[in-house]
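Engineer: Dropping in data-v8.txt, which is compact mmCIF, C-alpha atoms:
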```txt
# COMPACT_ATOMS: atom_id res chain seq x y z
CA LYS C 17 169.17 136.94 268.68
CA MET C 18 168.15 138.51 271.97
CA PHE C 19 171.70 139.13 273.29
CA PRO C 20 173.95 140.29 270.40
CA SER C 21 177.32 140.18 272.18
CA GLU C 22 176.95 136.59 273.36
CA HIS C 23 179.65 134.46 271.64
CA ALA C 24 180.20 137.36 269.21
CA ARG C 25 183.97 137.58 269.64
CA TYR C 26 184.86 133.91 269.21
CA LYS C 27 181.85 133.02 267.02
CA SER C 28 181.08 129.84 268.96
CA SER C 29 180.28 128.81 272.50
CA VAL C 30 183.12 127.71 274.73
CA PHE C 31 180.62 125.16 276.01
CA ASP C 32 179.99 123.43 272.67
CA SER C 33 181.50 120.25 274.04
CA ASP C 34 179.15 117.83 275.83
CA ASN C 35 181.64 117.77 278.70
CA PHE C 36 180.63 121.16 280.09
CA LEU C 37 176.85 121.67 280.18
CA GLY C 38 174.04 119.31 281.07
CA VAL C 39 176.60 117.54 283.25
CA ILE C 40 176.88 116.31 286.85
CA ARG C 41 180.45 116.39 288.13
CA GLU C 42 181.69 114.98 291.42
CA VAL C 43 185.04 116.06 292.90
CA VAL C 44 187.04 114.69 295.83
CA PRO C 45 188.44 117.70 297.74
CA VAL C 46 191.66 117.72 299.74
CA VAL C 47 189.99 119.20 302.83
CA GLU C 48 186.72 118.11 304.38
CA MET C 49 183.89 119.93 302.67
CA ARG C 50 180.46 119.23 301.23
CA MET C 51 179.64 121.77 298.56
CA MET C 52 177.24 121.91 295.63
CA LYS C 53 177.36 124.48 292.84
CA LEU C 54 175.00 124.92 289.89
CA GLN C 55 176.48 127.06 287.10
CA PHE C 56 174.46 128.36 284.14
CA SER C 57 175.87 129.72 280.89
CA THR C 58 174.41 133.20 280.41
CA PRO C 59 175.12 136.25 278.20
CA PRO C 60 177.90 138.69 279.18
CA PHE C 61 176.61 141.30 281.60
CA ASP C 62 177.85 144.21 279.50
CA ASP C 63 175.62 143.13 276.61
CA GLU C 64 173.74 146.20 275.34
CA VAL C 65 170.39 144.54 276.07
CA LEU C 66 171.34 143.70 279.67
CA ALA C 67 173.40 146.77 280.57
CA ASP C 68 170.42 148.94 281.51
CA VAL C 69 167.89 146.39 282.83
CA ARG C 70 170.29 144.08 284.70
CA PRO C 71 167.81 141.23 285.21
CA TYR C 72 170.44 139.06 286.87
CA ARG C 73 170.29 141.26 289.96
CA VAL C 74 166.65 140.54 290.80
CA ILE C 75 167.03 136.87 289.78
CA SER C 76 170.03 136.40 292.06
CA HIS C 77 168.23 138.33 294.80
CA LEU C 78 165.25 135.95 294.69
CA ILE C 79 167.21 132.70 294.37
CA GLY C 80 169.39 133.52 297.36
CA HIS C 81 166.65 135.12 299.50
CA GLU C 82 166.47 133.96 303.13
CA SER C 83 162.90 134.94 304.08
CA VAL C 84 160.28 132.49 305.34
CA GLY C 85 159.10 130.43 302.37
CA SER C 86 162.37 130.76 300.49
CA LEU C 87 164.55 127.89 299.31
CA HIS C 88 167.20 128.84 301.86
CA SER C 89 164.67 128.86 304.69
CA LEU C 90 163.23 125.46 303.75
CA LEU C 91 166.59 123.71 303.33
CA ASN C 92 167.97 125.29 306.51
CA GLU C 93 164.86 124.32 308.48
CA GLU C 94 165.36 120.68 307.49
CA GLY C 95 169.04 120.74 308.45
CA LEU C 96 170.22 120.12 304.88
CA ILE C 97 172.47 123.16 304.36
CA ASN C 98 174.88 125.46 306.16
CA SER C 99 174.58 128.28 303.62
CA LEU C 100 173.15 129.17 300.21
CA SER C 101 174.14 132.03 297.92
CA SER C 102 173.50 133.09 294.35
CA GLY C 103 175.44 135.45 292.13
CA VAL C 104 177.90 135.96 289.31
CA GLY C 105 180.54 133.29 288.94
CA ILE C 106 182.39 134.55 285.85
CA ASP C 107 181.75 137.46 283.48
CA THR C 108 183.72 137.66 280.20
CA THR C 109 183.31 139.41 276.85
CA ASP C 110 181.58 136.37 275.32
CA PHE C 111 179.63 134.80 278.15
CA SER C 112 178.99 134.80 281.89
CA LEU C 113 178.27 132.12 284.46
CA CYS C 114 175.52 132.59 287.03
CA SER C 115 175.87 130.27 289.98
CA VAL C 116 173.96 128.89 292.95
CA THR C 117 176.35 127.75 295.69
CA ILE C 118 175.23 125.54 298.57
CA SER C 119 177.21 124.33 301.56
CA LEU C 120 175.71 120.96 302.51
CA THR C 121 175.48 119.31 305.92
CA PRO C 122 176.18 115.54 306.12
CA LYS C 123 172.40 115.10 306.05
CA GLY C 124 172.21 117.34 302.99
CA LEU C 125 174.78 115.23 301.15
CA LYS C 126 172.86 112.10 302.10
CA GLU C 127 169.69 113.69 300.66
CA LYS C 128 171.39 115.32 297.68
CA ASP C 129 168.59 114.33 295.29
CA ARG C 130 166.03 116.11 297.46
CA VAL C 131 168.19 119.24 297.73
CA LEU C 132 168.55 119.41 293.94
CA ALA C 133 164.83 118.78 293.43
CA LEU C 134 163.97 121.70 295.71
CA VAL C 135 166.51 123.97 293.99
CA TRP C 136 164.84 123.30 290.64
CA GLN C 137 161.37 123.77 292.12
CA TRP C 138 162.46 127.19 293.38
CA ILE C 139 163.96 128.20 290.02
CA ASN C 140 160.82 127.11 288.17
CA LEU C 141 158.60 128.91 290.68
CA ILE C 142 160.51 132.13 289.94
CA LYS C 143 160.21 131.47 286.18
CA ALA C 144 156.45 130.98 286.46
CA SER C 145 156.12 134.17 288.51
CA VAL C 146 158.01 136.19 285.88
CA LYS C 147 155.79 134.87 283.07
CA SER C 148 152.47 135.39 284.88
CA ASP C 149 153.32 138.56 286.76
CA LYS C 150 149.87 140.15 286.69
CA ASP C 151 150.39 142.21 289.85
CA GLY C 152 153.74 143.60 288.78
CA LEU C 153 155.54 141.95 291.70
CA MET C 154 158.78 141.46 289.75
CA ALA C 155 158.87 145.15 288.81
CA LYS C 156 158.48 145.99 292.51
CA TYR C 157 161.40 143.71 293.45
CA HIS C 158 163.41 145.42 290.71
CA GLU C 159 162.54 148.87 292.05
CA GLU C 160 163.48 147.82 295.61
CA MET C 161 166.97 146.93 294.45
CA ALA C 162 167.24 150.08 292.33
CA ALA C 163 166.19 152.18 295.33
CA MET C 164 168.86 150.65 297.55
CA SER C 165 171.48 151.19 294.82
CA ARG C 166 170.56 154.89 294.72
CA VAL C 167 170.79 155.16 298.50
CA ASN C 168 174.14 153.40 298.62
CA PHE C 169 175.52 155.64 295.88
CA LYS C 170 174.22 158.89 297.36
CA TYR C 171 175.65 158.17 300.79
CA ARG C 172 178.78 156.34 299.74
CA GLU C 173 181.74 157.16 301.97
CA ASN C 174 185.27 157.78 300.78
CA GLY C 175 187.43 154.70 300.48
CA ASP C 176 191.02 154.02 299.60
CA PRO C 177 192.04 156.26 296.64
CA CYS C 178 194.19 153.53 295.08
CA ASP C 179 191.30 151.05 295.16
CA PHE C 180 189.02 153.68 293.62
CA CYS C 181 191.42 154.42 290.76
CA THR C 182 191.91 150.73 290.02
CA THR C 183 188.17 150.10 289.93
CA ALA C 184 187.40 153.26 287.95
CA SER C 185 190.02 152.54 285.29
CA GLY C 186 188.53 149.11 284.73
CA MET C 187 185.02 150.56 284.48
CA LEU C 188 186.12 152.81 281.60
CA PHE C 189 185.75 149.75 279.38
CA SER C 190 182.03 149.64 280.23
CA TYR C 191 180.98 153.25 280.87
CA GLU C 192 181.60 156.57 279.20
CA PRO C 193 183.46 159.09 281.42
CA THR C 194 180.31 161.06 282.31
CA LYS C 195 178.76 157.90 283.82
CA LEU C 196 181.89 156.54 285.44
CA LEU C 197 180.97 157.36 289.04
CA ALA C 198 177.29 156.44 288.97
CA GLY C 199 177.12 153.92 286.13
CA SER C 200 177.34 150.78 288.23
CA SER C 201 174.64 152.10 290.59
CA LEU C 202 172.11 153.12 287.94
CA THR C 203 169.44 150.64 286.91
CA GLY C 204 166.84 151.16 284.18
CA GLU C 205 163.18 150.18 284.17
CA TYR C 206 162.14 146.56 284.65
CA ASN C 207 161.66 144.64 281.40
CA ALA C 208 159.71 141.37 281.70
CA GLU C 209 160.71 140.12 278.24
CA ILE C 210 164.46 140.53 278.86
CA THR C 211 164.19 139.09 282.38
CA SER C 212 162.27 136.06 281.12
CA ALA C 213 164.76 135.49 278.27
CA PHE C 214 167.69 135.64 280.69
CA LEU C 215 165.95 133.31 283.15
CA GLU C 216 165.27 130.77 280.39
CA ARG C 217 169.00 129.99 280.50
CA PHE C 218 168.41 128.39 283.91
CA THR C 219 167.71 124.88 282.62
CA PRO C 220 169.26 121.44 283.34
CA GLU C 221 170.60 121.24 279.76
CA ASN C 222 172.41 124.56 280.26
CA CYS C 223 173.76 123.73 283.71
CA LEU C 224 176.92 122.27 285.20
CA VAL C 225 176.20 120.67 288.57
CA THR C 226 179.38 120.18 290.61
CA VAL C 227 179.47 118.48 294.01
CA TRP C 228 182.54 118.35 296.27
CA ALA C 229 182.72 115.74 299.06
CA GLN C 230 185.38 113.46 300.49
CA GLU C 231 182.71 110.76 300.77
CA PHE C 232 183.05 110.22 297.00
CA ASP C 233 186.54 108.80 297.45
CA ASP C 234 186.22 104.98 297.62
CA ASP C 235 189.83 104.69 298.81
CA ASP C 236 189.23 106.92 301.82
CA ASN C 237 185.81 105.80 303.05
CA SER C 238 185.40 103.33 305.88
CA ASP C 239 182.61 100.78 305.63
CA ASP C 240 180.63 102.59 308.35
CA LYS C 241 180.88 105.92 306.54
CA LYS C 242 179.87 104.40 303.21
CA LYS C 243 176.91 102.76 304.90
CA ASP C 244 175.87 106.04 306.50
CA ILE C 245 176.07 108.08 303.29
CA ASP C 246 175.74 105.97 300.16
CA VAL C 247 176.70 108.64 297.64
CA ASP C 248 176.58 106.21 294.71
CA SER C 249 172.89 105.40 295.15
CA HIS C 250 171.65 108.92 294.32
CA LEU C 251 169.73 109.50 291.10
CA SER C 252 172.02 112.49 290.61
CA SER C 253 175.18 110.44 291.19
CA ALA C 254 178.06 110.47 288.72
CA SER C 255 179.07 106.95 289.80
CA SER C 256 178.66 105.60 286.26
CA GLY C 257 181.47 107.89 285.12
CA GLU C 258 185.14 106.98 285.26
CA TRP C 259 187.43 108.64 287.77
CA ASN C 260 189.94 111.07 286.28
CA THR C 261 192.83 112.98 287.79
CA GLU C 262 193.05 116.67 287.03
CA LYS C 263 196.24 117.65 285.19
CA TRP C 264 197.65 120.49 287.32
CA TYR C 265 196.50 119.92 290.89
CA GLY C 266 195.82 116.18 290.86
CA ALA C 267 192.17 116.53 291.88
CA LYS C 268 190.11 113.37 291.51
CA HIS C 269 186.82 113.85 289.61
CA ARG C 270 184.19 112.09 287.50
CA SER C 271 181.37 113.34 285.28
CA VAL C 272 178.22 112.08 283.58
CA LYS C 273 175.51 113.66 281.45
CA ILE C 274 172.37 114.49 283.41
CA PRO C 275 169.98 111.57 282.76
CA ASP C 276 166.86 112.33 280.72
CA ASN C 277 164.57 111.37 283.60
CA LEU C 278 166.24 113.99 285.82
CA VAL C 279 166.15 116.60 283.05
CA ASN C 280 162.40 116.05 282.74
CA ALA C 281 161.82 116.04 286.50
CA TRP C 282 163.87 119.21 287.08
CA SER C 283 162.40 121.03 284.07
CA ASN C 284 158.72 120.31 284.79
CA PRO C 285 158.06 120.22 288.54
CA THR C 286 155.00 122.47 288.34
CA ASP C 287 152.63 119.86 289.77
CA LYS C 288 155.06 118.95 292.57
CA PHE C 289 156.02 122.29 294.13
CA ASP C 290 156.61 122.05 297.86
CA ALA C 291 153.70 123.90 299.44
CA ARG C 292 156.06 125.77 301.76
CA LEU C 293 157.87 127.55 298.93
CA ALA C 294 156.68 131.13 298.39
CA LEU C 295 158.21 134.30 296.97
CA PRO C 296 159.29 136.88 299.56
CA LYS C 297 157.12 139.77 300.63
CA LEU C 298 158.14 143.26 299.62
CA ASN C 299 160.67 144.95 301.89
CA GLU C 300 158.82 147.48 304.04
CA PHE C 301 162.04 148.72 305.62
CA ILE C 302 163.59 150.45 302.62
CA PRO C 303 164.27 153.97 303.95
CA GLN C 304 162.53 157.05 302.62
CA ASP C 305 163.43 159.64 305.25
CA PHE C 306 167.14 160.55 305.33
CA SER C 307 166.98 163.51 307.68
CA LEU C 308 169.71 163.43 310.33
CA ARG C 309 168.96 163.32 314.03
CA ALA C 310 172.16 165.28 314.50
CA ASP C 311 170.36 168.28 312.97
CA GLN C 312 167.39 167.94 315.34
CA GLU C 313 169.19 168.10 318.68
CA HIS C 314 169.94 171.81 318.91
CA LEU C 315 167.97 173.70 321.51
CA SER C 316 168.02 176.81 319.32
CA ASP C 317 169.78 178.23 316.30
CA ASP C 318 172.10 180.11 318.65
CA ALA C 319 173.08 176.97 320.58
CA PRO C 320 176.62 175.81 319.79
CA ARG C 321 176.91 172.60 317.86
CA PRO C 322 178.26 169.82 320.11
CA THR C 323 181.85 169.01 319.28
CA ALA C 324 182.88 165.86 317.45
CA ASP C 325 185.74 165.43 319.89
CA ILE C 326 185.08 162.36 322.04
CA ALA C 327 187.06 163.83 324.94
CA LYS C 328 184.85 166.93 325.04
CA ASP C 329 181.57 165.29 324.08
CA PRO C 330 181.81 161.68 325.32
CA PRO C 331 179.21 158.93 324.71
CA LYS C 332 176.24 158.97 327.08
CA VAL C 333 175.11 155.98 329.13
CA ILE C 334 171.45 155.50 328.21
CA VAL C 335 170.90 152.07 329.80
CA GLU C 336 172.49 150.97 333.08
CA LYS C 337 171.60 147.51 334.44
CA PRO C 338 173.53 144.86 336.39
CA ASP C 339 174.02 142.84 333.22
CA LEU C 340 173.85 145.56 330.57
CA ARG C 341 175.41 148.95 329.93
CA LEU C 342 174.50 150.81 326.73
CA PHE C 343 176.37 153.87 325.46
CA HIS C 344 175.27 156.19 322.67
CA LYS C 345 177.06 158.95 320.79
CA MET C 346 175.54 161.03 318.01
CA ASP C 347 177.77 161.18 314.92
CA ARG C 348 178.29 164.78 313.82
CA THR C 349 181.45 164.19 311.81
CA PHE C 350 180.61 162.02 308.81
CA ARG C 351 176.94 163.06 308.64
CA VAL C 352 175.51 160.07 306.78
CA PRO C 353 172.20 158.29 307.60
CA ARG C 354 173.86 155.22 309.01
CA THR C 355 174.01 153.55 312.41
CA HIS C 356 176.92 151.51 313.72
CA ILE C 357 176.44 149.06 316.59
CA HIS C 358 179.41 147.63 318.47
CA SER C 359 178.78 144.92 321.08
CA GLU C 360 181.08 143.33 323.62
CA LEU C 361 179.95 140.22 325.49
CA THR C 362 181.67 139.23 328.72
CA SER C 363 181.91 135.50 329.19
CA PRO C 364 183.33 133.41 332.07
CA ASN C 365 187.09 132.92 332.06
```
Transcribe the structure of this file into C-alpha cells.
Structural biologist:
Amino acid sequence: KMFPSEHARYKSSVFDSDNFLGVIREVVPVVEMRMMKLQFSTPPFDDEVLADVRPYRVISHLIGHESVGSLHSLLNEEGLINSLSSGVGIDTTDFSLCSVTISLTPKGLKEKDRVLALVWQWINLIKASVKSDKDGLMAKYHEEMAAMSRVNFKYRENGDPCDFCTTASGMLFSYEPTKLLAGSSLTGEYNAEITSAFLERFTPENCLVTVWAQEFDDDDNSDDKKKDIDVDSHLSSASSGEWNTEKWYGAKHRSVKIPDNLVNAWSNPTDKFDARLALPKLNEFIPQDFSLRADQEHLSDDAPRPTADIAKDPPKVIVEKPDLRLFHKMDRTFRVPRTHIHSELTSPN
C-alpha cells in the first residue's frame, strides 16, 4: 500500500457506495450559476509518504495553469468558461478530495461534453508527461514551487497575532515544534513514483462530476431556453436519473453512474489530444537577486538615510503627462523585496 494512512482510521473508504464515485450529478441551484466541479478521492495530505514530497502542489499548479497552451487558455479562448481553478477541496485524517472547479458560460454549458473531454485530455497529458519525463521537466516545476515557498517564507511579513496562534496551534498536529514555523513552507525533493501514484487517482471511476445550472430545472425553463440549451441531450447528462430533493436545504438533484463509453473515452484520449494543448514553459521570472534598492541610493556612507516619514520625504513625481501622473516612493521601513502598485483611474461623471 503506497499511502499507509489512507482509510487507516475507519478501515474502509467513505466512498464505498456506488453513489459517490464514478458518478455524474446535476444540481438545480437557487441563484443563477453554471458551475462544474470534478472531485477525486485522494490520500490524506499528512500521509507520511506525501508529507515531504507534496505532489498535489505541482499537479494542482499544472491543472489550473493559465499560460498559452493550457486548458484554461483553450477553454477561455473559445468562450466556454469564466474561470478555472484546481486545488484541495477537503483534507481529513482518512482521505482528501482534490478538485477542479470551472465556472461555465452559457456556451460552455451548451457544450458541456466538449469541456469535459478537454479536461480529461489535459489530465491525461499531465499523466503521460509524468511517466515519460526524460528531461526532468516535472522536477523543474517542483523546484519552481519550492523556490517560491522559500522566498515567501523568508520575506513573510508579520500578520495578526491571533490568526498566527490559531494557525500554529492547529499545525502542531502535523509538525513537531522545531518545524512549526517553516514546516508548511518546506518541500522535499521531487519523487516521480509518488507523484505518478497520486496522479493515478485522477480517473473517471474515482471522480464525482457535479454540475450546477438552473437550466436543469424542467419546471423553470421556457421553451425558448430549453431549445437554446438542451441539457438533456449531452452524453454526460444525468437525465436518466430520477430527481431527488436534498433533506436539509431542499436542493433538487439527480445522479447517474458515468457510462462505460464515457469512462473509456475520458481514460484513453491519447490519440485525440487537442493539438493546442501544451505544458507551460518554465517560469523565467522567479527572483534570484533580493538586494534592496533602498540600500543603493546613498551618495556615501556618511550621507544620512532618508527618513521614512512621508511628510519629510514625500513621494516623487517621476512621470508627468496630461493624462498620466506617476509617483514613486522608496520603502525604507519594512525593507522587504516587494513592490506595491496603487492605481487610480479617473472616469467621466
Engineer: Got a sec: who's within 9 Å of region 296-302 of chain C, counting all atoms listed in the file, leaving out chain neighbours fewer than 4 positions off, as a list in words?
Structural biologist: Leu78, His81, Glu82, Ser83, Val84, Gly85, Ser86, Leu153, Lys156, Tyr157, Glu160, Ala163 and Met164 of chain C
Engineer: Counting only C-alpha atoms, figure out which residue out of C:Thr117, C:Ser112, C:Ser190, C:Ser363 gets nearest to Pro59 (chain C).
Structural biologist: C:Ser112
Engineer: Neighbouring residues of Glu173 (chain C) were defined as those with any atom within 10 Å, considering all atoms listed in the file; residues of the same chain fewer than 5 positions away were excluded. Please report them as a compact mmCIF listing (two decimals) with C-alpha atoms, in the frame of the given file.
Structural biologist:
```txt
# COMPACT_ATOMS: atom_id res chain seq x y z
CA ASN C 168 174.14 153.40 298.62
CA PHE C 350 180.61 162.02 308.81
CA VAL C 352 175.51 160.07 306.78
```
Engineer: Residues near region 134-139 of chain C, anyone? I mean within 6 Å using all atoms listed in the file, not counting same-chain ones fewer than 2 positions away, as a PyMOL selection string.
Structural biologist: chain C and resi 131-132+141-142+282+289
Engineer: Calculate how many Å separate CA of Asn140 (chain C) from CA of Ser252 (chain C), rounding to one decimal.
Structural biologist: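 Between CA of Asn140 (chain C) and CA of Ser252 (chain C) the gap works out to 18.6 Å.
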Engineer: What's around Val247 (chain C) at 12 Å? Count all atoms listed in the file, leave out sequence neighbours fewer than 6 positions away in its own chain, and write the answer as a ChimeraX atom specification.
Structural biologist: /C:42,50,122-129,227-234,237,241,253-256
Engineer: Using all atoms listed in the file, find the one residue out of C:Arg41, C:Arg73, C:His88, C:His23 that sits nearest to Pro60 (chain C).
Structural biologist: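 For Pro60 (chain C), the nearest of the candidates is C:His23.
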Engineer: Counting all atoms listed in the file, what is within 12 Å of Thr355 (chain C), bar same-chain residues fewer than 3 positions away, as a compact mmCIF listing (two decimals) with C-alpha atoms, in the frame of the given file?
Structural biologist:
```txt
# COMPACT_ATOMS: atom_id res chain seq x y z
CA LEU C 308 169.71 163.43 310.33
CA ARG C 309 168.96 163.32 314.03
CA HIS C 344 175.27 156.19 322.67
CA LYS C 345 177.06 158.95 320.79
CA MET C 346 175.54 161.03 318.01
CA ASP C 347 177.77 161.18 314.92
CA PHE C 350 180.61 162.02 308.81
CA ARG C 351 176.94 163.06 308.64
CA VAL C 352 175.51 160.07 306.78
CA HIS C 358 179.41 147.63 318.47
```
Engineer: Which residue out of C:Asn222, C:Asn260, C:Ser201, C:Ser271 has the minimum interatomic distance to Val167 (chain C) when all atoms listed in the file are used?
Structural biologist: C:Ser201
Engineer: Between CA of Gly105 (chain C) and CA of Asp179 (chain C), what distance in Å does the model show, to one decimal?
Structural biologist: 21.7 Å
Engineer: Can you patch up region 273-289 of chain C, filling it in to N, CA and C atoms, and show the result as a compact mmCIF listing (two decimals), in the coordinates of the input?
Structural biologist:
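New file selection23.txt:
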```txt
# COMPACT_ATOMS: atom_id res chain seq x y z
N LYS C 273 176.61 112.82 281.94
CA LYS C 273 175.51 113.66 281.45
C LYS C 273 174.32 113.50 282.39
N ILE C 274 173.58 114.57 282.58
CA ILE C 274 172.37 114.49 283.41
C ILE C 274 171.37 113.57 282.72
N PRO C 275 170.92 112.52 283.39
CA PRO C 275 169.98 111.57 282.76
C PRO C 275 168.68 112.25 282.31
N ASP C 276 168.09 111.73 281.26
CA ASP C 276 166.86 112.33 280.72
C ASP C 276 165.74 112.38 281.75
N ASN C 277 165.66 111.36 282.61
CA ASN C 277 164.57 111.37 283.60
C ASN C 277 164.74 112.51 284.59
N LEU C 278 166.01 112.85 284.93
CA LEU C 278 166.24 113.99 285.82
C LEU C 278 166.01 115.31 285.11
N VAL C 279 166.40 115.39 283.83
CA VAL C 279 166.15 116.60 283.05
C VAL C 279 164.65 116.90 283.02
N ASN C 280 163.85 115.87 282.78
CA ASN C 280 162.40 116.05 282.74
C ASN C 280 161.84 116.43 284.11
N ALA C 281 162.33 115.76 285.15
CA ALA C 281 161.82 116.04 286.50
C ALA C 281 162.21 117.44 286.96
N TRP C 282 163.42 117.88 286.66
CA TRP C 282 163.87 119.21 287.08
C TRP C 282 163.26 120.32 286.22
N SER C 283 162.94 120.00 284.97
CA SER C 283 162.40 121.03 284.07
C SER C 283 160.91 121.24 284.26
N ASN C 284 160.19 120.23 284.72
CA ASN C 284 158.72 120.31 284.79
C ASN C 284 158.20 119.89 286.16
N PRO C 285 158.55 120.60 287.21
CA PRO C 285 158.06 120.22 288.54
C PRO C 285 156.80 120.97 288.96
N THR C 286 156.09 121.55 287.99
CA THR C 286 155.00 122.47 288.34
C THR C 286 153.91 121.82 289.17
N ASP C 287 153.69 120.51 289.00
CA ASP C 287 152.63 119.86 289.77
C ASP C 287 153.17 119.28 291.08
N LYS C 288 154.45 119.53 291.38
CA LYS C 288 155.06 118.95 292.57
C LYS C 288 155.76 119.99 293.44
N PHE C 289 155.39 121.27 293.30
CA PHE C 289 156.02 122.29 294.13
C PHE C 289 155.77 122.01 295.61
```
